[in-house]
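K.L.:
Below is the structure I would like to discuss, written out as structure tokens.
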Amino acid sequence: MFEFLDGLEPLLKSFWYIALISSAVFVLQSLMTLLGSGHDLDGVTADFDGNLDHADAPFQLFSFRNLVNFLLGFGWSGVVFYPAIDNKFLLVFIATIVGSIFILLFFVLIKQLMKLSEDNTFKYENLINLIGQVYLTIPGAMNGKGKVQISVKGSNHELSAMTEGERLPSGTSVTVTEIRDNILIVVKTN
């Protein structure tokens, strides 16, 4: 299959093997990611934390995916620059720099993709100071629960509510002042 490599010098042959094998693994990783099974494709994890930024970053410096990215840049740049650069140490150095740039490009790409993510998780603490409307009458003086309709991030919610003040009939505009055990404590909006 790789007969064209038989007559090549050892360094060029090594660059070709690295380029072809890392390309095959890269294509396989990409296909698995597109098919939905690539969410944990880093596969090989190091025994140490390679994340040099902070613990919640989506990027680990030492991962199988980054190794493949490095080898992809290293191998193909070695193959491409081999005829143009006579000094083999300089060639290996340039290939190493290009491999490192591939890791950096992957990091930048992931960083940009992470900017597209949005957290639409419903959290009760985000309701404080929001204005809603009484849907089911709320008995006064914390004597029972009613319901409030409130809009959060463009989505309407019907939530249980109580008030420490007077009875609040349906249609009354209210403001959320606090949350107790997932029950809104509201007051009439002035």
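Ordering of the structure tokens sets the chain letters (A, B, ...); residue numbers start at 1 within each chain; ligands are numbered from 1 in the order shown.
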Counting only C-alpha atoms, what is within 12 Å of Asn120 in chain A, bar same-chain residues fewer than 5 positions away, as number ranges by chain?
P.N.:
A: 126, 152-155
K.L.:
If you keep all heavy atoms, can you produce a file of those selected residues as a short mmCIF file (atom, residue, chain, number, x, y, z; two decimals), in the first residue's frame?
P.N.:
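Written output follows (again-v9.cif):
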```
data_model
loop_
_atom_site.label_atom_id
_atom_site.label_comp_id
_atom_site.auth_asym_id
_atom_site.auth_seq_id
_atom_site.Cartn_x
_atom_site.Cartn_y
_atom_site.Cartn_z
N ASN A 126 -32.81 33.69 39.12
CA ASN A 126 -32.86 34.72 38.07
C ASN A 126 -34.20 35.46 38.05
O ASN A 126 -34.38 36.41 37.29
CB ASN A 126 -32.62 34.10 36.69
CG ASN A 126 -31.21 33.58 36.54
OD1 ASN A 126 -30.32 33.95 37.28
ND2 ASN A 126 -31.01 32.70 35.58
N VAL A 152 -39.44 34.65 31.24
CA VAL A 152 -38.00 34.56 31.45
C VAL A 152 -37.35 34.19 30.13
O VAL A 152 -37.63 33.12 29.57
CB VAL A 152 -37.65 33.50 32.52
CG1 VAL A 152 -36.16 33.43 32.75
CG2 VAL A 152 -38.39 33.77 33.81
N LYS A 153 -36.50 35.06 29.61
CA LYS A 153 -35.78 34.83 28.35
C LYS A 153 -36.74 34.46 27.22
O LYS A 153 -36.49 33.54 26.45
CB LYS A 153 -34.70 33.76 28.52
CG LYS A 153 -33.60 34.15 29.47
CD LYS A 153 -32.53 33.09 29.54
CE LYS A 153 -31.46 33.49 30.53
NZ LYS A 153 -30.42 32.47 30.66
N GLY A 154 -37.87 35.12 27.18
CA GLY A 154 -38.83 34.91 26.10
C GLY A 154 -39.73 33.71 26.29
O GLY A 154 -40.52 33.38 25.42
N SER A 155 -39.65 33.04 27.42
CA SER A 155 -40.47 31.87 27.69
C SER A 155 -41.38 32.17 28.89
O SER A 155 -40.91 32.65 29.93
CB SER A 155 -39.56 30.69 28.01
OG SER A 155 -40.31 29.57 28.37
#
```
K.L.:
Go through range 3-180 of chain A and collect every residue that DSSP, computed from the backbone, puts in helix (DSSP H, G or I); the answer should be as a ChimeraX atom specification.
P.N.:
/A:3-5,10-34,64-81,88-114,124-127
K.L.:
With only C-alpha atoms as the counted atoms, please give the residues lying no more than 9 Å from Val79 in chain A, apart from itself and same-chain residues fewer than 2 positions off, as an NGL selection string.
P.N.:
:A and (12-13 or 15-16 or 19 or 74-77 or 81-83)
K.L.:
Restricting it to N, CA and C atoms, dump the selection as a PDB file, in the first residue's frame.
P.N.:
```pdb
ATOM      1  N   LEU A  12      12.335  11.615   5.438  1.00  0.00           N
ATOM      2  CA  LEU A  12      11.164  11.884   4.606  1.00  0.00           C
ATOM      3  C   LEU A  12      10.129  10.776   4.755  1.00  0.00           C
ATOM      4  N   LYS A  13      10.609   9.535   4.832  1.00  0.00           N
ATOM      5  CA  LYS A  13       9.696   8.395   5.031  1.00  0.00           C
ATOM      6  C   LYS A  13       8.958   8.544   6.364  1.00  0.00           C
ATOM      7  N   PHE A  15       8.306  11.389   7.968  1.00  0.00           N
ATOM      8  CA  PHE A  15       7.314  12.452   7.799  1.00  0.00           C
ATOM      9  C   PHE A  15       6.066  11.920   7.091  1.00  0.00           C
ATOM     10  N   TRP A  16       6.260  11.122   6.055  1.00  0.00           N
ATOM     11  CA  TRP A  16       5.120  10.569   5.321  1.00  0.00           C
ATOM     12  C   TRP A  16       4.274   9.672   6.214  1.00  0.00           C
ATOM     13  N   ALA A  19       2.376  11.801   8.679  1.00  0.00           N
ATOM     14  CA  ALA A  19       1.317  12.559   8.001  1.00  0.00           C
ATOM     15  C   ALA A  19       0.139  11.669   7.634  1.00  0.00           C
ATOM     16  N   PHE A  74       2.857  18.614  11.922  1.00  0.00           N
ATOM     17  CA  PHE A  74       4.263  18.226  11.888  1.00  0.00           C
ATOM     18  C   PHE A  74       4.563  17.376  10.657  1.00  0.00           C
ATOM     19  N   GLY A  75       3.762  16.334  10.439  1.00  0.00           N
ATOM     20  CA  GLY A  75       4.014  15.413   9.329  1.00  0.00           C
ATOM     21  C   GLY A  75       3.878  16.064   7.966  1.00  0.00           C
ATOM     22  N   TRP A  76       2.776  16.764   7.749  1.00  0.00           N
ATOM     23  CA  TRP A  76       2.554  17.359   6.425  1.00  0.00           C
ATOM     24  C   TRP A  76       3.510  18.503   6.134  1.00  0.00           C
ATOM     25  N   SER A  77       3.881  19.291   7.134  1.00  0.00           N
ATOM     26  CA  SER A  77       4.858  20.351   6.868  1.00  0.00           C
ATOM     27  C   SER A  77       6.224  19.746   6.581  1.00  0.00           C
ATOM     28  N   PHE A  81       7.968  20.700   3.092  1.00  0.00           N
ATOM     29  CA  PHE A  81       9.197  21.499   3.118  1.00  0.00           C
ATOM     30  C   PHE A  81      10.470  20.679   2.899  1.00  0.00           C
ATOM     31  N   TYR A  82      10.382  19.359   2.877  1.00  0.00           N
ATOM     32  CA  TYR A  82      11.568  18.515   2.740  1.00  0.00           C
ATOM     33  C   TYR A  82      12.401  18.859   1.506  1.00  0.00           C
ATOM     34  N   PRO A  83      11.804  19.022   0.316  1.00  0.00           N
ATOM     35  CA  PRO A  83      12.636  19.345  -0.851  1.00  0.00           C
ATOM     36  C   PRO A  83      13.242  20.758  -0.802  1.00  0.00           C
TER      37      PRO A  83
END
```
K.L.:
Would you mind telling me which residue in A:Thr163, A:Ser63, A:Thr121, A:Thr33 lies nearest to Met142 in chain A when using only C-alpha atoms?
P.N.:
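So, comparing all the options, the nearest one is A:Thr163.
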K.L.:
Compile the contact shell of Thr172 in chain A as number ranges by chain: residues with an atom at most 8 Å away, counting only C-alpha atoms, same-chain residues fewer than 4 positions apart removed.
P.N.:
A: 133-134, 168, 188
